[in-house]
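Trainee: Take this structure first; my questions come after.
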Amino acid sequence: LFRVALPFATLATLGVLCQRIGVISVSILAGDIATGLFSSAARVVDGMKLGHYAVLGALLQALSRKALDSKQGYRAAFLGLLGISVLIAGGTMFFANPILYFLFGEKYTPAVSLLIVLVWTLVPYTISAFISVDLVVRGLEYTLVKATIISLIIYIALYLWLINSNGLTGAVWAALIGECLQAVVLVLFYFCPTRM
């Protein structure tokens, strides 16, 4: 039981670290006000991932029970959620100010520019999430653990570099670049799992 559960426990821990490393880095390197602004934008984006969690949770169950015509259903779900992510990100660019004002109040309107960049993490996140589900279904949990460790190292390096050089603006760009690079890492592991 321990051997079966270990990769999933490791993945859960690494996943939480990857998602929270931005807030942790900003709080250490940029201070309380910057942390509040970054957190407000990050929370909005986290809320936009609820649809991803629902679709991916259902998809994982269906794929593991072979209840879904895996190739066609998986591809359709991926393309649909990817398209929705692009629409949400594009729409949020235009409505970032009222969204933040409604959710957090006038004091958080300086986070508008942060949200406009951060919301685009939804697109590479969709790619990463679908690949992660597929790797788990194929029994390649340890491959996913390796890819996630590499991604976490990339995130840490980006946050250290970009926050120190560009402050809060650097933090949101570190989040976006990190998410894109994580998707690239997972694509490489997806197509060459035995070589990585």
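By convention in this document, the chains of the structure tokens carry letters A, B, ... by their order, each chain's residues are numbered from 1, and ligands are numbered from 1 in the order they are shown.
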Give me the residues within 12 Å of Ile154 of chain A as a compact mmCIF listing (two decimals) with C-alpha atoms, in the first residue's frame, counting only C-alpha atoms and dropping any in the same chain fewer than 2 places off.

Mentor:
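Here's the written file part-v4.txt:
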# COMPACT_ATOMS: atom_id res chain seq x y z
CA CYS A 18 4.27 24.32 -7.66
CA ILE A 21 5.68 28.77 -4.82
CA GLY A 22 4.69 32.11 -6.35
CA ALA A 147 8.72 16.01 -14.52
CA THR A 148 7.13 17.84 -11.57
CA ILE A 149 10.44 18.02 -9.68
CA ILE A 150 12.10 19.56 -12.75
CA SER A 151 9.18 22.02 -13.05
CA LEU A 152 9.48 23.02 -9.39
CA ILE A 156 12.09 28.49 -8.04
CA ALA A 157 14.85 29.73 -10.37
CA LEU A 158 12.44 31.96 -12.31
CA TYR A 159 10.87 33.49 -9.20
CA LEU A 160 14.26 34.20 -7.62
CA TRP A 161 15.59 35.78 -10.80
CA LEU A 162 12.56 37.75 -11.95
CA ALA A 174 7.79 34.00 -13.68
CA ALA A 175 4.41 32.32 -13.12
CA LEU A 176 3.50 32.47 -16.81
CA ILE A 177 6.92 31.42 -18.13
CA GLY A 178 7.12 28.69 -15.48
CA GLU A 179 3.72 27.31 -16.47
CA CYS A 180 4.74 27.32 -20.14
CA LEU A 181 8.02 25.56 -19.37
CA GLN A 182 6.22 23.02 -17.20
CA ALA A 183 3.97 22.22 -20.16
CA VAL A 184 7.07 21.79 -22.36
CA VAL A 185 8.69 19.48 -19.79

Trainee: List the neighbours of Thr126 of chain A out to 9 Å using only C-alpha atoms; skip same-chain residues closer than 5 positions along the sequence, and give me the result as a list in words.

Mentor: His52, Phe78, Leu81, Leu82, Ser85, Thr121, Ile131 and Ala183 of chain A

Trainee: Mind checking which residues fall within 10 Å of segment 115-117 of chain A, counting only C-alpha atoms, ignoring those fewer than 4 positions away in the same chain, and posting them as a list in words?

Mentor: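 That gives Leu37, Phe38, Ser39, Ser40, Ala41, Ala42, Arg43, Val44, Val45, Ala89, Gly90, Gly91, Thr92, Met93, Phe94, Phe95, Ala96, Asn97, Ile99, Leu100, Thr109, Pro110, Ala111, Thr121, Thr169, Val172, Trp173, Ala175 and Leu176 of chain A.
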
Trainee: State, in Å with one decimal place, the distance from atom CA of Val86 of chain A to atom CA of Val119 of chain A.

Mentor: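 For atom CA of Val86 of chain A relative to atom CA of Val119 of chain A, the distance reads 9.4 Å.
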
Trainee: Pick out the closest residue to Met48 of chain A from this set: A:Leu103, A:Ile153, A:Ile88, A:Val145. Count only C-alpha atoms.

Mentor: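 Using only C-alpha atoms, the shortest distance to Met48 of chain A belongs to A:Ile88.
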
Trainee: Pick out the closest residue to Val55 of chain A from this set: A:Cys192, A:Leu87, A:Ala34, A:Ala77. Count only C-alpha atoms.

Mentor: A:Ala77

Trainee: Using only C-alpha atoms for the distances, tell me which of A:Leu56, A:Tyr101, A:Asp134, A:Asp46 is nearest to Gln19 of chain A.

Mentor: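 Using only C-alpha atoms, Gln19 of chain A sits closest to A:Asp46.
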
Trainee: For Phe189 of chain A, which residue out of A:Ile33, A:Leu50, A:Ile24, A:Leu135 is the nearest one, using only C-alpha atoms?

Mentor: A:Leu135

Trainee: So, counting only C-alpha atoms, which residue among A:Gly57, A:Gly15, A:Gly139, A:Gly105 is closest to Tyr125 of chain A?

Mentor: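 Of the candidates, the smallest distance to Tyr125 of chain A is held by A:Gly15.
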